[in-house]
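Visitor: Just one file: query_13.cif, with mmCIF, C-alpha atoms.
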data_run
#
loop_
_atom_site.group_PDB
_atom_site.id
_atom_site.type_symbol
_atom_site.label_atom_id
_atom_site.label_comp_id
_atom_site.auth_asym_id
_atom_site.auth_seq_id
_atom_site.Cartn_x
_atom_site.Cartn_y
_atom_site.Cartn_z
ATOM 1 C CA MET T 1 0.000 0.000 0.000
ATOM 2 C CA LYS T 2 2.792 2.427 0.967
ATOM 3 C CA GLN T 3 4.678 1.660 -2.234
ATOM 4 C CA LYS T 4 1.540 2.209 -4.328
ATOM 5 C CA LEU T 5 1.022 5.645 -2.768
ATOM 6 C CA LEU T 6 4.695 6.512 -3.337
ATOM 7 C CA ARG T 7 4.378 5.595 -7.015
ATOM 8 C CA LYS T 8 1.282 7.787 -7.366
ATOM 9 C CA VAL T 9 3.066 10.737 -5.751
ATOM 10 C CA LEU T 10 6.115 10.294 -7.989
ATOM 11 C CA SER T 11 3.888 9.955 -11.047
ATOM 12 C CA ALA T 12 2.059 13.175 -10.166
ATOM 13 C CA ALA T 13 5.350 15.024 -9.586
ATOM 14 C CA LEU T 14 6.746 13.860 -12.927
ATOM 15 C CA SER T 15 3.507 14.889 -14.670
ATOM 16 C CA VAL T 16 3.774 18.386 -13.243
ATOM 17 C CA LEU T 17 7.397 18.638 -14.375
ATOM 18 C CA MET T 18 6.486 17.498 -17.878
ATOM 19 C CA LEU T 19 3.548 19.898 -18.154
ATOM 20 C CA THR T 20 5.503 22.894 -16.881
ATOM 21 C CA GLY T 21 8.678 22.073 -18.782
ATOM 22 C CA THR T 22 10.669 22.579 -15.604
ATOM 23 C CA GLY T 23 14.280 21.650 -16.172
ATOM 24 C CA LEU T 24 14.848 20.286 -12.690
ATOM 25 C CA ALA T 25 17.035 17.252 -12.317
ATOM 26 C CA LEU T 26 14.974 14.946 -10.211
ATOM 27 C CA PRO T 27 16.901 11.912 -9.061
ATOM 28 C CA ALA T 28 14.284 9.671 -7.523
ATOM 29 C CA VAL T 29 14.139 6.039 -6.581
ATOM 30 C CA ILE T 30 11.104 4.026 -5.546
ATOM 31 C CA GLU T 31 11.772 1.838 -2.498
ATOM 32 C CA SER T 32 11.743 -1.305 -4.591
ATOM 33 C CA GLY T 33 14.247 0.231 -7.024
ATOM 34 C CA THR T 34 11.951 -0.302 -10.008
ATOM 35 C CA ILE T 35 11.749 3.332 -11.151
ATOM 36 C CA THR T 36 14.718 5.667 -11.380
ATOM 37 C CA VAL T 37 14.865 9.176 -12.825
ATOM 38 C CA SER T 38 17.910 11.296 -13.606
ATOM 39 C CA ALA T 39 18.794 14.157 -15.953
ATOM 40 C CA ALA T 40 21.591 14.360 -18.520
ATOM 41 C CA LYS T 41 22.802 16.467 -21.425
ATOM 42 C CA ASN T 42 24.868 16.093 -24.578
ATOM 43 C CA GLU T 43 25.776 18.562 -27.348
ATOM 44 C CA ASN T 44 22.321 18.369 -29.005
ATOM 45 C CA TYR T 45 19.847 17.379 -26.311
ATOM 46 C CA GLU T 46 18.945 17.703 -22.666
ATOM 47 C CA TYR T 47 17.079 14.608 -21.561
ATOM 48 C CA ASP T 48 15.739 12.564 -18.670
ATOM 49 C CA ILE T 49 16.679 8.943 -18.142
ATOM 50 C CA ILE T 50 13.584 7.247 -16.769
ATOM 51 C CA ASP T 51 13.919 3.592 -15.904
ATOM 52 C CA GLY T 52 16.707 3.159 -18.452
ATOM 53 C CA THR T 53 15.021 4.929 -21.388
ATOM 54 C CA ILE T 54 15.435 8.484 -22.701
ATOM 55 C CA THR T 55 12.846 11.272 -22.793
ATOM 56 C CA ILE T 56 14.152 14.317 -24.674
ATOM 57 C CA LYS T 57 13.572 17.589 -22.784
ATOM 58 C CA LYS T 58 15.311 20.197 -24.936
ATOM 59 C CA TYR T 59 16.995 20.514 -28.348
ATOM 60 C CA PHE T 60 20.039 22.819 -28.675
ATOM 61 C CA GLY T 61 20.714 22.649 -32.414
ATOM 62 C CA ASN T 62 19.843 25.025 -35.253
ATOM 63 C CA ASP T 63 18.716 22.507 -37.869
ATOM 64 C CA THR T 64 15.356 23.117 -39.551
ATOM 65 C CA ILE T 65 14.895 19.367 -40.006
ATOM 66 C CA VAL T 66 15.804 17.235 -37.002
ATOM 67 C CA LYS T 67 16.146 13.460 -37.041
ATOM 68 C CA ILE T 68 15.385 12.124 -33.562
ATOM 69 C CA PRO T 69 17.935 9.436 -32.689
ATOM 70 C CA ALA T 70 16.701 5.967 -31.773
ATOM 71 C CA GLU T 71 19.323 5.870 -29.004
ATOM 72 C CA ILE T 72 21.428 8.279 -26.975
ATOM 73 C CA ASN T 73 24.452 6.839 -25.171
ATOM 74 C CA GLY T 74 23.134 3.310 -25.696
ATOM 75 C CA LYS T 75 19.702 4.028 -24.172
ATOM 76 C CA THR T 76 16.504 3.932 -26.245
ATOM 77 C CA VAL T 77 14.697 7.226 -26.916
ATOM 78 C CA THR T 78 11.042 6.581 -26.059
ATOM 79 C CA ALA T 79 9.484 10.046 -25.678
ATOM 80 C CA ILE T 80 9.841 13.781 -26.277
ATOM 81 C CA TYR T 81 8.448 16.437 -23.950
ATOM 82 C CA ASP T 82 5.997 18.850 -25.617
ATOM 83 C CA SER T 83 8.292 21.822 -24.945
ATOM 84 C CA ALA T 84 11.496 20.208 -26.279
ATOM 85 C CA PHE T 85 11.547 22.342 -29.440
ATOM 86 C CA SER T 86 9.676 25.403 -28.131
ATOM 87 C CA LYS T 87 12.639 27.811 -28.154
ATOM 88 C CA CYS T 88 13.963 26.845 -31.581
#
Mind turning this structure into structure tokens?

Guide:
Amino acid sequence: MKQKLLRKVLSAALSVLMLTGTGLALPAVIESGTITVSAAKNENYEYDIIDGTITIKKYFGNDTIVKIPAEINGKTVTAIYDSAFSKC
């Protein structure tokens, strides 16, 4: 029961971060160790690593056509935040 509540709270917090586009690094671990979240950056993207997969947060390039990579640093790209390209 406690773990279920903790997952709901973490899910709500992550939803708020995604909706607001907040660039906070949020290292979080559920007690069981099943969900982990961290933030990272390379020359083209800022991204979150969520349970071993990548969600792109921000694009830094100037290209008018962008090919989203299938992987970044060996981790699969599975999502893109709505605001990732908002300041391009």

Visitor: Let me know the centre plus edge lengths, in Å and rounded to one decimal, of a box with edges along x, y and z that contains all listed atoms of range 66-75 of chain T and is padded by 5 Å on every side, as AutoDock Vina command-line options.

Guide:
--center_x 19.9 --center_y 10.3 --center_z -30.6 --size_x 19.1 --size_y 23.9 --size_z 22.9

Visitor: Measure the distance from CA of Lys87 in chain T to CA of Val37 in chain T in Å and round it to one decimal.

Guide: 24.2 Å

Visitor: Report the distance between CA of Ala39 in chain T and CA of Pro69 in chain T in Å, rounded to one decimal place.

Guide: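 Taking CA of Ala39 in chain T as the start and CA of Pro69 in chain T as the end point, the length is 17.4 Å.
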
Visitor: With a distance cut-off of 12 Å and only C-alpha atoms, select the neighbouring residues of Asn44 in chain T, excluding the residue or stretch itself and same-chain residues fewer than 2 positions from it, and output the selection as a list in words.

Guide: Ala40, Lys41, Asn42, Glu46, Tyr47, Ile56, Lys57, Lys58, Tyr59, Phe60, Gly61, Asn62, Asp63, Val66, Lys67, Ile68, Pro69, Ile72, Ala84 and Phe85 of chain T

Visitor: Quick one: of T:Ser86, T:Ile65, T:Glu71, T:Thr76, who's nearest to Gly52 in chain T, counting all atoms listed in the file?

Guide: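 The closest residue to Gly52 in chain T is T:Thr76.
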
Visitor: Which one is closest to Asp51 in chain T: T:Asn73, T:Thr78, T:Thr64, T:Ser83? Count all atoms listed in the file.

Guide: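 The shortest atom-to-atom distance to Asp51 in chain T comes from T:Thr78.
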